[in-house]
>>> print(open('protein_10.tsv').read())   # TSV, C-alpha atoms and all ligand atoms
chain	number	residue	atom	x	y	z
A	1	MET	CA	0.76	15.39	-5.78
A	2	LEU	CA	2.94	12.97	-3.83
A	3	TRP	CA	0.70	13.11	-0.76
A	4	ASP	CA	-1.90	11.16	-2.74
A	5	SER	CA	0.37	8.11	-2.61
A	6	VAL	CA	-0.22	7.87	1.17
A	7	LYS	CA	-3.36	5.80	1.70
A	8	GLY	CA	-5.70	5.76	4.67
A	9	GLN	CA	-3.76	8.25	6.82
A	10	SER	CA	-5.65	11.50	6.33
A	11	GLY	CA	-4.96	12.62	9.95
A	12	PRO	CA	-1.15	12.55	9.71
A	13	VAL	CA	-1.21	13.89	6.11
A	14	VAL	CA	-3.39	16.90	6.96
A	15	PHE	CA	-1.33	17.57	10.06
A	16	LEU	CA	2.01	17.54	8.20
A	17	GLN	CA	0.68	19.54	5.26
A	18	GLY	CA	-0.59	22.12	7.77
A	19	ALA	CA	2.81	22.27	9.49
A	20	ILE	CA	4.48	23.16	6.17
A	21	ALA	CA	1.73	25.59	5.12
A	22	LYS	CA	1.79	27.44	8.46
A	23	ASP	CA	5.59	27.36	8.62
A	24	ARG	CA	5.45	25.35	11.84
A	25	VAL	CA	7.75	22.49	10.98
A	26	VAL	CA	9.52	21.33	14.16
A	27	SER	CA	12.86	19.56	14.47
A	28	GLY	CA	11.62	16.28	15.97
A	29	TYR	CA	8.74	14.02	14.94
A	30	LEU	CA	7.76	10.66	16.30
A	31	PHE	CA	5.78	8.64	13.75
A	32	SER	CA	4.15	5.81	15.64
A	33	GLY	CA	1.60	3.19	14.69
A	34	PRO	CA	1.30	-0.39	13.46
A	35	GLU	CA	3.76	-1.84	10.97
A	36	GLY	CA	3.05	-1.44	7.29
A	37	VAL	CA	0.49	1.38	7.40
A	38	GLY	CA	2.66	3.87	5.52
A	39	LYS	CA	4.79	5.64	8.15
A	40	SER	CA	8.02	5.46	6.10
A	41	LEU	CA	6.28	6.47	2.90
A	42	THR	CA	4.70	9.45	4.68
A	43	ALA	CA	8.11	10.46	6.02
A	44	SER	CA	9.58	10.37	2.47
A	45	VAL	CA	6.68	12.37	1.07
A	46	PHE	CA	7.05	14.89	3.89
A	47	ALA	CA	10.77	15.24	3.04
A	48	ALA	CA	9.90	15.71	-0.66
A	49	ALA	CA	7.16	18.24	0.13
A	50	LEU	CA	9.68	20.23	2.19
A	51	ASN	CA	12.27	20.22	-0.58
A	52	CYS	CA	10.26	20.29	-3.82
A	53	ARG	CA	10.88	23.45	-5.86
A	54	ASP	CA	8.09	22.99	-8.37
A	55	LYS	CA	5.29	22.51	-5.86
A	56	PRO	CA	6.60	23.52	-2.46
A	57	GLY	CA	4.66	21.94	0.38
A	58	GLU	CA	3.09	19.37	-1.95
A	59	GLY	CA	5.85	17.45	-3.69
A	60	CYS	CA	5.33	17.32	-7.47
A	61	GLY	CA	6.85	13.84	-7.72
A	62	GLU	CA	8.60	14.80	-10.98
A	63	CYS	CA	11.41	17.22	-10.16
A	64	PRO	CA	14.96	15.91	-9.47
A	65	ASP	CA	14.55	16.51	-5.70
A	66	CYS	CA	11.23	14.64	-5.45
A	67	ARG	CA	12.49	11.77	-7.58
A	68	ALA	CA	15.71	11.39	-5.62
A	69	ILE	CA	13.92	11.51	-2.28
A	70	VAL	CA	11.31	8.92	-3.19
A	71	ARG	CA	13.89	6.64	-4.85
A	72	GLY	CA	16.43	7.15	-2.04
A	73	GLY	CA	19.80	8.81	-2.52
A	74	HIS	CA	19.00	12.50	-2.11
A	75	PRO	CA	22.02	14.23	-0.54
A	76	ASP	CA	19.93	15.96	2.14
A	77	VAL	CA	17.59	13.13	3.08
A	78	HIS	CA	19.26	10.44	5.16
A	79	ARG	CA	17.90	7.10	6.29
A	80	LEU	CA	19.09	5.11	9.24
A	81	SER	CA	17.95	1.63	10.25
A	82	PRO	CA	19.23	-1.11	12.59
A	83	SER	CA	22.41	-2.82	11.46
A	84	SER	CA	21.97	-6.46	10.54
A	85	LYS	CA	24.44	-7.75	13.14
A	86	SER	CA	23.30	-6.23	16.41
A	87	ARG	CA	19.75	-5.50	15.20
A	88	SER	CA	20.32	-2.21	17.03
A	89	ILE	CA	21.06	1.38	16.20
A	90	LEU	CA	24.24	2.15	18.09
A	91	ALA	CA	25.63	5.32	19.59
A	92	GLY	CA	28.31	5.65	16.89
A	93	GLU	CA	25.69	5.69	14.16
A	94	ILE	CA	23.70	8.45	15.86
A	95	ARG	CA	26.93	10.36	16.45
A	96	ASP	CA	27.67	10.16	12.70
A	97	MET	CA	24.15	11.32	11.98
A	98	ARG	CA	24.61	14.24	14.33
A	99	ARG	CA	27.83	15.24	12.56
A	100	THR	CA	26.12	15.07	9.18
A	101	ALA	CA	23.22	17.13	10.50
A	102	HIS	CA	25.58	19.89	11.53
A	103	LEU	CA	27.21	20.08	8.10
A	104	SER	CA	25.42	22.71	6.08
A	105	ALA	CA	22.77	21.58	3.65
A	106	ARG	CA	23.16	21.97	-0.08
A	107	GLY	CA	21.63	25.31	-1.03
A	108	ASP	CA	18.43	26.09	0.80
A	109	ASN	CA	17.25	22.53	1.28
A	110	TRP	CA	15.81	20.97	4.41
A	111	LYS	CA	17.93	18.24	5.90
A	112	VAL	CA	15.74	15.31	6.86
A	113	PHE	CA	16.82	12.26	8.87
A	114	LEU	CA	14.51	9.25	8.87
A	115	ILE	CA	15.24	6.74	11.60
A	116	GLU	CA	13.49	3.47	10.89
A	117	GLU	CA	12.70	1.12	13.77
A	118	ALA	CA	13.83	3.96	16.04
A	119	ASP	CA	12.97	1.85	19.10
A	120	ARG	CA	16.09	-0.16	18.29
A	121	MET	CA	18.34	2.71	19.33
A	122	ASN	CA	20.06	1.56	22.49
A	123	THR	CA	20.12	3.86	25.53
A	124	ALA	CA	23.46	5.48	24.62
A	125	ALA	CA	22.20	6.14	21.09
A	126	GLN	CA	18.96	7.60	22.42
A	127	ASN	CA	20.88	9.96	24.69
A	128	ILE	CA	23.00	11.26	21.80
A	129	PHE	CA	19.86	11.61	19.76
A	130	LEU	CA	18.36	13.72	22.56
A	131	LYS	CA	21.32	16.10	22.37
A	132	THR	CA	20.65	16.62	18.67
A	133	LEU	CA	17.00	17.30	19.46
A	134	GLU	CA	17.96	19.82	22.13
A	135	GLU	CA	20.26	21.79	19.84
A	136	PRO	CA	18.91	21.13	16.37
A	137	PRO	CA	20.79	22.63	13.43
A	138	PRO	CA	18.61	25.02	11.39
A	139	LYS	CA	16.25	23.60	8.75
A	140	THR	CA	16.73	20.08	10.08
A	141	VAL	CA	13.96	17.56	10.69
A	142	LEU	CA	14.52	14.32	12.58
A	143	ILE	CA	11.79	11.73	12.12
A	144	LEU	CA	11.66	8.70	14.38
A	145	ILE	CA	9.60	5.88	12.89
A	146	THR	CA	8.43	3.08	15.17
A	147	SER	CA	5.71	0.58	15.91
A	148	GLN	CA	7.07	0.15	19.47
A	149	PRO	CA	7.21	3.68	20.92
A	150	GLY	CA	7.34	2.21	24.44
A	151	PHE	CA	11.03	1.39	23.95
A	152	LEU	CA	11.92	5.09	23.54
A	153	LEU	CA	12.93	7.27	26.49
A	154	PRO	CA	10.18	9.51	27.93
A	155	THR	CA	12.43	12.51	27.26
A	156	ILE	CA	12.39	11.66	23.56
A	157	HIS	CA	8.61	11.41	23.62
A	158	SER	CA	8.31	14.80	25.25
A	159	ARG	CA	10.64	16.51	22.80
A	160	CYS	CA	9.08	15.15	19.63
A	161	GLN	CA	5.80	15.96	17.99
A	162	ARG	CA	3.84	12.71	17.98
A	163	VAL	CA	2.17	11.76	14.71
A	164	ALA	CA	-0.04	8.73	15.28
A	165	PHE	CA	-0.80	6.42	12.37
A	166	SER	CA	-3.73	4.03	12.50
A	167	GLY	CA	-5.07	1.01	10.68
A	168	TRP	CA	-6.78	1.24	7.31
A	169	PRO	CA	-10.57	1.21	6.96
A	170	TYR	CA	-12.02	-1.91	5.34
A	171	THR	CA	-12.86	-0.03	2.12
A	172	LEU	CA	-9.12	0.40	1.48
A	173	MET	CA	-8.07	-3.00	2.76
A	174	GLU	CA	-10.39	-5.06	0.58
A	175	PRO	CA	-9.07	-3.94	-2.86
A	176	PHE	CA	-5.50	-4.00	-1.51
A	177	LEU	CA	-5.78	-7.61	-0.32
A	178	GLN	CA	-7.55	-8.61	-3.52
A	179	GLU	CA	-4.70	-7.17	-5.59
A	180	ARG	CA	-1.81	-8.37	-3.42
A	181	LEU	CA	-3.06	-11.78	-2.31
A	182	GLY	CA	-5.95	-12.46	-4.67
A	183	ILE	CA	-8.22	-13.42	-1.81
A	184	PRO	CA	-12.01	-13.13	-2.02
A	185	ALA	CA	-13.88	-10.34	-0.19
A	186	GLY	CA	-15.42	-12.78	2.32
A	187	GLU	CA	-12.02	-13.74	3.68
A	188	SER	CA	-10.66	-10.20	3.70
A	189	PHE	CA	-13.06	-9.25	6.55
A	190	VAL	CA	-11.25	-11.72	8.80
A	191	LEU	CA	-7.83	-10.38	7.80
A	192	HIS	CA	-8.94	-6.79	8.32
A	193	SER	CA	-10.29	-7.61	11.75
A	194	ILE	CA	-7.30	-9.69	12.89
A	195	SER	CA	-4.75	-7.15	11.64
A	196	GLY	CA	-6.54	-4.12	13.06
A	197	GLY	CA	-6.52	-2.63	9.56
A	198	CYS	CA	-2.76	-2.92	9.22
A	199	PRO	CA	-1.99	-4.15	5.69
A	200	GLY	CA	1.52	-5.37	6.53
A	201	ARG	CA	0.18	-7.45	9.41
A	202	ALA	CA	-2.71	-8.74	7.28
A	203	ILE	CA	-0.30	-10.06	4.66
A	204	ARG	CA	1.91	-11.64	7.31
A	205	SER	CA	-1.09	-13.27	9.05
A	206	TYR	CA	-2.23	-14.66	5.73
A	207	ARG	CA	1.21	-16.06	4.89
A	208	GLU	CA	1.55	-17.52	8.37
A	209	GLY	CA	-1.70	-19.44	7.88
A	210	ILE	CA	-4.29	-17.45	9.79
A	211	PHE	CA	-7.13	-19.35	8.12
A	212	LYS	CA	-5.76	-22.66	9.32
A	213	THR	CA	-5.36	-21.18	12.81
A	214	ARG	CA	-8.93	-19.93	12.71
A	215	ARG	CA	-10.13	-23.43	11.78
A	216	GLU	CA	-8.20	-24.87	14.71
A	217	VAL	CA	-9.46	-22.27	17.17
A	218	ILE	CA	-13.11	-21.78	16.32
A	219	GLY	CA	-13.76	-24.91	14.27
A	220	PRO	CA	-14.81	-26.92	17.36
A	221	LEU	CA	-17.11	-24.07	18.49
A	222	ALA	CA	-18.78	-24.16	15.08
A	223	GLU	CA	-19.60	-27.88	15.25
A	224	GLY	CA	-22.96	-27.14	16.80
A	225	ARG	CA	-22.81	-29.52	19.77
A	226	SER	CA	-21.76	-29.57	23.41
A	227	PHE	CA	-18.36	-30.92	24.37
A	228	THR	CA	-17.62	-33.81	26.67
A	229	ALA	CA	-15.23	-33.09	29.54
A	230	ARG	CA	-12.38	-34.72	27.61
A	231	GLU	CA	-13.06	-32.60	24.53
A	232	ALA	CA	-13.27	-29.38	26.54
A	233	VAL	CA	-9.96	-30.06	28.25
A	234	ASP	CA	-8.33	-30.99	24.92
A	235	LEU	CA	-9.64	-27.85	23.27
A	236	ALA	CA	-8.30	-25.62	26.05
A	237	GLU	CA	-4.92	-27.35	25.72
A	238	ARG	CA	-4.93	-26.93	21.96
A	239	TRP	CA	-5.75	-23.22	22.27
A	240	LEU	CA	-2.79	-22.83	24.61
A	241	ASP	CA	-0.49	-24.70	22.21
A	242	ILE	CA	-1.57	-22.41	19.37
A	243	SER	CA	-1.17	-19.30	21.51
A	244	ALA	CA	2.40	-20.28	22.39
A	245	ARG	CA	3.50	-20.58	18.73
A	246	PRO	CA	4.43	-16.91	18.01
A	247	GLY	CA	6.51	-16.61	21.19
A	248	LYS	CA	8.31	-19.92	20.53
A	249	LYS	CA	8.98	-19.02	16.89
A	250	LEU	CA	10.38	-15.61	17.80
A	251	ALA	CA	12.47	-17.01	20.64
A	252	ALA	CA	14.06	-19.51	18.21
A	253	GLU	CA	14.75	-16.78	15.63
A	254	LEU	CA	16.29	-14.47	18.22
A	255	LYS	CA	18.40	-17.30	19.60
A	256	LYS	CA	19.76	-17.94	16.11
A	257	GLU	CA	20.38	-14.22	15.63
A	258	ALA	CA	22.14	-14.01	18.98
A	259	ALA	CA	24.45	-16.88	17.99
A	260	GLU	CA	25.37	-15.06	14.77
A	261	ARG	CA	25.68	-11.72	16.52
A	262	ASP	CA	29.09	-10.15	16.64
A	263	ARG	CA	30.97	-11.59	19.61
A	264	ASP	CA	32.83	-8.30	19.92
A	265	LEU	CA	29.60	-6.52	20.78
A	266	ASP	CA	30.11	-4.36	23.83
A	267	SER	CA	28.79	-6.18	26.93
A	268	GLN	CA	26.47	-3.32	27.87
A	269	VAL	CA	25.03	-3.28	24.35
A	270	ARG	CA	24.65	-7.07	24.44
A	271	LYS	CA	22.78	-6.89	27.75
A	272	GLU	CA	20.40	-4.30	26.35
A	273	VAL	CA	19.80	-6.34	23.21
A	274	GLU	CA	19.09	-9.43	25.35
A	275	ALA	CA	16.67	-7.51	27.58
A	276	ARG	CA	14.93	-6.23	24.50
A	277	ASP	CA	14.76	-9.73	23.00
A	278	ASN	CA	13.15	-11.04	26.20
A	279	ALA	CA	10.60	-8.22	26.16
A	280	LEU	CA	9.81	-9.01	22.52
A	281	VAL	CA	9.30	-12.72	23.27
A	282	SER	CA	6.88	-11.91	26.12
A	283	ALA	CA	5.06	-9.51	23.80
A	284	ALA	CA	4.81	-12.25	21.14
A	285	ASP	CA	3.51	-14.68	23.77
A	286	GLN	CA	0.92	-12.13	24.73
A	287	ALA	CA	0.02	-11.53	21.10
A	288	GLY	CA	-0.49	-15.29	20.64
A	289	LEU	CA	-2.98	-15.36	23.50
A	290	ASP	CA	-4.68	-12.23	22.21
A	291	LEU	CA	-5.08	-13.84	18.79
A	292	ILE	CA	-6.93	-16.82	20.30
A	293	PHE	CA	-9.31	-14.49	22.10
A	294	GLN	CA	-9.71	-12.27	19.03
A	295	LEU	CA	-10.78	-15.30	17.00
A	296	ILE	CA	-13.16	-16.57	19.70
A	297	PHE	CA	-14.53	-13.06	20.10
A	298	SER	CA	-15.10	-12.72	16.35
A	299	TRP	CA	-17.12	-15.94	16.38
A	300	ILE	CA	-19.21	-14.97	19.42
A	301	ARG	CA	-19.80	-11.49	18.00
A	302	ASP	CA	-20.93	-12.99	14.69
A	303	LEU	CA	-23.36	-15.37	16.44
A	304	PHE	CA	-24.91	-12.42	18.28
A	305	LEU	CA	-25.14	-10.19	15.19
A	306	CYS	CA	-26.57	-13.03	13.13
A	307	SER	CA	-29.27	-13.77	15.71
A	308	THR	CA	-30.28	-10.12	16.10
A	309	ILE	CA	-29.83	-8.67	12.59
A	310	GLY	CA	-30.17	-11.80	10.47
A	311	SER	CA	-28.85	-12.19	6.96
A	312	GLN	CA	-27.79	-8.53	6.65
A	313	ALA	CA	-25.41	-8.80	9.64
A	314	PRO	CA	-21.90	-7.44	8.89
A	315	LEU	CA	-20.09	-10.62	9.95
A	316	ILE	CA	-16.33	-10.87	10.38
A	317	ASN	CA	-16.40	-14.57	9.46
A	318	ARG	CA	-18.47	-13.76	6.39
A	319	ASP	CA	-17.07	-16.73	4.52
A	320	LEU	CA	-18.58	-19.05	7.17
A	321	GLU	CA	-22.01	-17.41	7.10
A	322	SER	CA	-24.13	-20.55	7.02
A	323	ARG	CA	-22.23	-22.14	9.91
A	324	VAL	CA	-22.65	-18.93	11.92
A	325	ALA	CA	-26.38	-19.04	11.31
A	326	ASP	CA	-26.62	-22.74	12.32
A	327	SER	CA	-24.62	-22.17	15.49
A	328	ALA	CA	-26.51	-19.02	16.48
A	329	ARG	CA	-29.78	-21.02	16.54
A	330	ARG	CA	-28.49	-23.10	19.44
A	331	PHE	CA	-28.52	-20.13	21.82
A	332	THR	CA	-31.11	-17.68	23.08
A	333	THR	CA	-30.54	-13.98	22.40
A	334	SER	CA	-29.92	-13.27	26.09
A	335	GLN	CA	-27.30	-16.05	26.21
A	336	LEU	CA	-25.60	-14.57	23.16
A	337	ARG	CA	-25.76	-11.07	24.60
A	338	ARG	CA	-23.82	-12.18	27.69
A	339	MET	CA	-21.11	-14.00	25.74
A	340	PRO	CA	-18.84	-11.10	24.65
A	341	GLY	CA	-18.54	-9.93	28.27
A	342	ARG	CA	-17.63	-13.47	29.37
A	343	VAL	CA	-14.95	-13.75	26.68
A	344	GLU	CA	-13.47	-10.37	27.61
A	345	GLU	CA	-13.40	-11.28	31.33
A	346	SER	CA	-11.63	-14.53	30.51
A	347	ARG	CA	-9.14	-12.72	28.28
A	348	VAL	CA	-8.19	-10.30	31.04
A	349	LEU	CA	-7.79	-13.17	33.53
A	350	ALA	CA	-5.77	-15.30	31.09
A	351	VAL	CA	-3.40	-12.44	30.30
A	352	ARG	CA	-2.73	-11.98	34.01
A	353	ALA	CA	-2.40	-15.69	34.75
A	354	ALA	CA	1.19	-16.62	35.45
A	355	SER	CA	1.14	-20.27	34.44
A	356	ARG	CA	-0.19	-22.50	31.73
A	357	PRO	CA	-2.37	-24.60	34.11
A	358	ALA	CA	-3.98	-21.39	35.41
A	359	ARG	CA	-4.70	-20.29	31.87
A	360	ARG	CA	-6.15	-23.70	31.05
A	361	ILE	CA	-8.61	-23.49	33.93
A	362	ILE	CA	-9.70	-20.03	32.79
A	363	LEU	CA	-10.32	-21.31	29.26
A	364	GLU	CA	-12.24	-24.38	30.51
A	365	ASN	CA	-14.35	-22.17	32.71
A	366	MET	CA	-15.07	-19.91	29.75
A	367	LEU	CA	-16.30	-22.91	27.74
A	368	ILE	CA	-18.72	-23.71	30.56
A	369	GLU	CA	-19.91	-20.12	30.87
A	370	LEU	CA	-20.43	-19.79	27.13
A	371	GLY	CA	-22.52	-22.96	27.17
A	372	PHE	CA	-20.27	-25.05	24.92
A	373	TRP	CA	-19.50	-27.47	27.72
A	374	ARG	CA	-22.12	-28.53	30.24
A	375	PRO	CA	-20.35	-30.57	32.91
A	376	GLY	CA	-22.52	-33.48	33.93
A	377	ASN	CA	-24.18	-33.60	30.54
A	378	ARG	CA	-22.68	-36.52	28.65
A	379	THR	CA	-23.74	-35.43	25.16
A	401	ZN	ZN	9.05	18.09	-6.81
>>> encode(input="protein_10.tsv", output="structure tokens", more="lines below")
Ligand SMILES: [Zn+2]
Amino acid sequence: MLWDSVKGQSGPVVFLQGAIAKDRVVSGYLFSGPEGVGKSLTASVFAAALNCRDKPGEGCGECPDCRAIVRGGHPDVHRLSPSSKSRSILAGEIRDMRRTAHLSARGDNWKVFLIEEADRMNTAAQNIFLKTLEEPPPKTVLILITSQPGFLLPTIHSRCQRVAFSGWPYTLMEPFLQERLGIPAGESFVLHSISGGCPGRAIRSYREGIFKTRREVIGPLAEGRSFTAREAVDLAERWLDISARPGKKLAAELKKEAAERDRDLDSQVRKEVEARDNALVSAADQAGLDLIFQLIFSWIRDLFLCSTIGSQAPLINRDLESRVADSARRFTTSQLRRMPGRVEESRVLAVRAASRPARRIILENMLIELGFWRPGNRT
């Protein structure tokens, strides 16, 4: 059965299977969730399950309909994604889709439209899409696929059935990462934690050097000694430099894209694309800061678990087990118990802080509160 090819998403799978079985398939679905967890694959399998003649509702995977849908190129299953130039889905493309949707399907088939990165529809495109949702042709399913549902109009949200995808459990992630990246189990805990169980993000983090970043961020905390004032200030600065990398990298990529973008792009469309680019850069900046705190939090959490549970503790930084144990000995249990709250408070403050100096002070203060820097103590 084709549904078996969808891993780690039993909620959406059961929900969609139930919709077919109970004859409650609706015309609009919004598949949301992190990148790379199987939203597109699920949409294809759903389209196959709707159209399979050998195993209706299941998708045999063998019949001409199933094969064509999975491979791409089935006459009744259409895929739309952002064009390479504008990185947007424009009104004309949705208008074409609408026209196709109104043409009758071959035989008794369901017509299925999969819109990848649906958040890249500009406002005009979203409004035309809404019209299609309001007057859907019979036996037509429109599936919006996105990891950024916030960019879609509230009216689209309210007219679509939301299907939320989530990260994979560790039991699925570990063999996947072993097969795809050949990394040992100890390191896959870190990737699972950092990526929130999202395999696509885990692979990207790995390729972008997450282990080097982790060394830079928590390495000094793992040295097992207190910092001097100079070291504490330098570390806070370094954390901020690292946190700014994703935003800077994305801004440079988008700038390059903008330069290559079609000059004939309608000015309204260009404005929307620019606004979206700016929002994405701020989100990347935010994500960079979150990553720093995630790494610090993982270390603090591991120290606490190690001191309370001992060698059986389910550490995130399992590959650094002996250093965790050495570091944990430097603190009392009550000190360790207070640390996660301190890190979370600092994270909230740092996210809200408007400027880099303000963020630096928050990070320095956190180092004092966590006991890594004792001002006045010269050792
Ligand atoms: Zn089939």
>>> closest_residue(input="protein_10.tsv", among="A:Trp299, A:Phe176, A:Phe129, A:Trp3", to="ligand ZN 401 (chain A)", atoms="all atoms listed in the file")
A:Trp3
>>> residues_around(input="protein_10.tsv", residues="Ser346 of chain A", least_positions_apart="4", cutoff="12 Å", atoms="all atoms listed in the file", output="CSV table (one decimal) with C-alpha atoms, in the coordinates of the input")
chain,number,residue,atom,x,y,z
A,289,LEU,CA,-3.0,-15.4,23.5
A,290,ASP,CA,-4.7,-12.2,22.2
A,292,ILE,CA,-6.9,-16.8,20.3
A,293,PHE,CA,-9.3,-14.5,22.1
A,294,GLN,CA,-9.7,-12.3,19.0
A,296,ILE,CA,-13.2,-16.6,19.7
A,297,PHE,CA,-14.5,-13.1,20.1
A,339,MET,CA,-21.1,-14.0,25.7
A,340,PRO,CA,-18.8,-11.1,24.6
A,341,GLY,CA,-18.5,-9.9,28.3
A,342,ARG,CA,-17.6,-13.5,29.4
A,350,ALA,CA,-5.8,-15.3,31.1
A,351,VAL,CA,-3.4,-12.4,30.3
A,352,ARG,CA,-2.7,-12.0,34.0
A,353,ALA,CA,-2.4,-15.7,34.8
A,358,ALA,CA,-4.0,-21.4,35.4
A,359,ARG,CA,-4.7,-20.3,31.9
A,360,ARG,CA,-6.2,-23.7,31.0
A,361,ILE,CA,-8.6,-23.5,33.9
A,362,ILE,CA,-9.7,-20.0,32.8
A,363,LEU,CA,-10.3,-21.3,29.3
A,364,GLU,CA,-12.2,-24.4,30.5
A,365,ASN,CA,-14.4,-22.2,32.7
A,366,MET,CA,-15.1,-19.9,29.8
A,367,LEU,CA,-16.3,-22.9,27.7
A,368,ILE,CA,-18.7,-23.7,30.6
A,369,GLU,CA,-19.9,-20.1,30.9
A,370,LEU,CA,-20.4,-19.8,27.1
>>> residues_around(input="protein_10.tsv", residues="Leu50 of chain A", least_positions_apart="2", cutoff="12 Å", atoms="all atoms listed in the file", output="PyMOL selection string")
chain A and resi 2-3+16-21+23-25+43-48+52-60+65-66+69+76-77+108-112+139-141
>>> residues_near_point(input="protein_10.tsv", point="(4.1, -1.2, 13.8)", cutoff="7 Å", atoms="only C-alpha atoms", output="number ranges by chain")
A: 33-36, 146-148
>>> write_last_selection(input="protein_10.tsv", atoms="C-alpha atoms", output="PDB file, in the coordinates of the input")
ATOM      1  CA  GLY A  33       1.600   3.190  14.690  1.00  0.00           C
ATOM      2  CA  PRO A  34       1.300  -0.390  13.460  1.00  0.00           C
ATOM      3  CA  GLU A  35       3.760  -1.840  10.970  1.00  0.00           C
ATOM      4  CA  GLY A  36       3.050  -1.440   7.290  1.00  0.00           C
ATOM      5  CA  THR A 146       8.430   3.080  15.170  1.00  0.00           C
ATOM      6  CA  SER A 147       5.710   0.580  15.910  1.00  0.00           C
ATOM      7  CA  GLN A 148       7.070   0.150  19.470  1.00  0.00           C
TER       8      GLN A 148
END
>>> closest_residue(input="protein_10.tsv", among="A:Glu62, A:Arg79, A:Ser27, A:Ser5", to="ligand ZN 401 (chain A)", atoms="only C-alpha atoms and all ligand atoms")
A:Glu62
>>> closest_residue(input="protein_10.tsv", among="A:Arg67, A:Arg356, A:Lys39, A:Lys271", to="ligand ZN 401 (chain A)", atoms="all atoms listed in the file")
A:Arg67
>>> closest_residue(input="protein_10.tsv", among="A:Leu103, A:Ile143, A:Ile309, A:Ala49", to="ligand ZN 401 (chain A)", atoms="all atoms listed in the file")
A:Ala49
>>> atom_distance(input="protein_10.tsv", atom1="atom CA of Leu30 of chain A", atom2="atom CA of Asn278 of chain A")
24.5 Å
>>> residues_around(input="protein_10.tsv", residues="Ile300 of chain A", least_positions_apart="5", cutoff="12 Å", atoms="only C-alpha atoms", output="count of residues only")
32
>>> atom_distance(input="protein_10.tsv", atom1="atom CA of Gly28 of chain A", atom2="atom CA of Glu274 of chain A")
28.4 Å
>>> atom_distance(input="protein_10.tsv", atom1="atom CA of Glu216 of chain A", atom2="atom CA of Asp241 of chain A")
10.8 Å
>>> residues_near_point(input="protein_10.tsv", point="(1.3, -19.5, 25.3)", cutoff="8 Å", atoms="all atoms listed in the file", output="list in words")
Leu240, Asp241, Ile242, Ser243, Ala244, Arg245, Gly247, Asp285, Gln286, Gly288, Leu289 and Arg356 of chain A
>>> closest_residue(input="protein_10.tsv", among="A:Ser205, A:Ser195, A:Asn51, A:Thr308", to="ligand ZN 401 (chain A)", atoms="all atoms listed in the file")
A:Asn51
>>> residues_around(input="protein_10.tsv", residues="segment 250-266 of chain A", least_positions_apart="3", cutoff="12 Å", atoms="only C-alpha atoms", output="ChimeraX atom specification")
/A:83-88,90-91,122,124,244-247,269-285,287-288
>>> closest_residue(input="protein_10.tsv", among="A:Val233, A:Leu152, A:Ala68, A:Met97", to="Arg120 of chain A", atoms="all atoms listed in the file")
A:Leu152
>>> build_atoms(input="protein_10.tsv", residues="segment 247-258 of chain A", atoms="N, CA and C atoms", output="short mmCIF file (atom, residue, chain, number, x, y, z; two decimals), keeping the file's coordinate frame")
data_model
loop_
_atom_site.label_atom_id
_atom_site.label_comp_id
_atom_site.auth_asym_id
_atom_site.auth_seq_id
_atom_site.Cartn_x
_atom_site.Cartn_y
_atom_site.Cartn_z
N GLY A 247 5.41 -16.84 20.25
CA GLY A 247 6.51 -16.61 21.19
C GLY A 247 7.64 -17.60 20.97
N LYS A 248 7.29 -18.88 20.73
CA LYS A 248 8.31 -19.92 20.53
C LYS A 248 9.09 -19.65 19.24
N LYS A 249 8.35 -19.27 18.20
CA LYS A 249 8.98 -19.02 16.89
C LYS A 249 9.96 -17.85 17.01
N LEU A 250 9.50 -16.78 17.66
CA LEU A 250 10.38 -15.61 17.80
C LEU A 250 11.59 -15.93 18.66
N ALA A 251 11.36 -16.68 19.74
CA ALA A 251 12.47 -17.01 20.64
C ALA A 251 13.54 -17.79 19.86
N ALA A 252 13.10 -18.73 18.99
CA ALA A 252 14.06 -19.51 18.21
C ALA A 252 14.82 -18.62 17.22
N GLU A 253 14.09 -17.69 16.59
CA GLU A 253 14.75 -16.78 15.63
C GLU A 253 15.78 -15.91 16.33
N LEU A 254 15.38 -15.38 17.50
CA LEU A 254 16.29 -14.47 18.22
C LEU A 254 17.51 -15.22 18.74
N LYS A 255 17.29 -16.50 19.11
CA LYS A 255 18.40 -17.30 19.60
C LYS A 255 19.42 -17.49 18.47
N LYS A 256 18.90 -17.75 17.28
CA LYS A 256 19.76 -17.94 16.11
C LYS A 256 20.52 -16.63 15.82
N GLU A 257 19.77 -15.54 15.87
CA GLU A 257 20.38 -14.22 15.63
C GLU A 257 21.47 -13.95 16.65
N ALA A 258 21.17 -14.28 17.91
CA ALA A 258 22.14 -14.01 18.98
C ALA A 258 23.42 -14.79 18.75
#
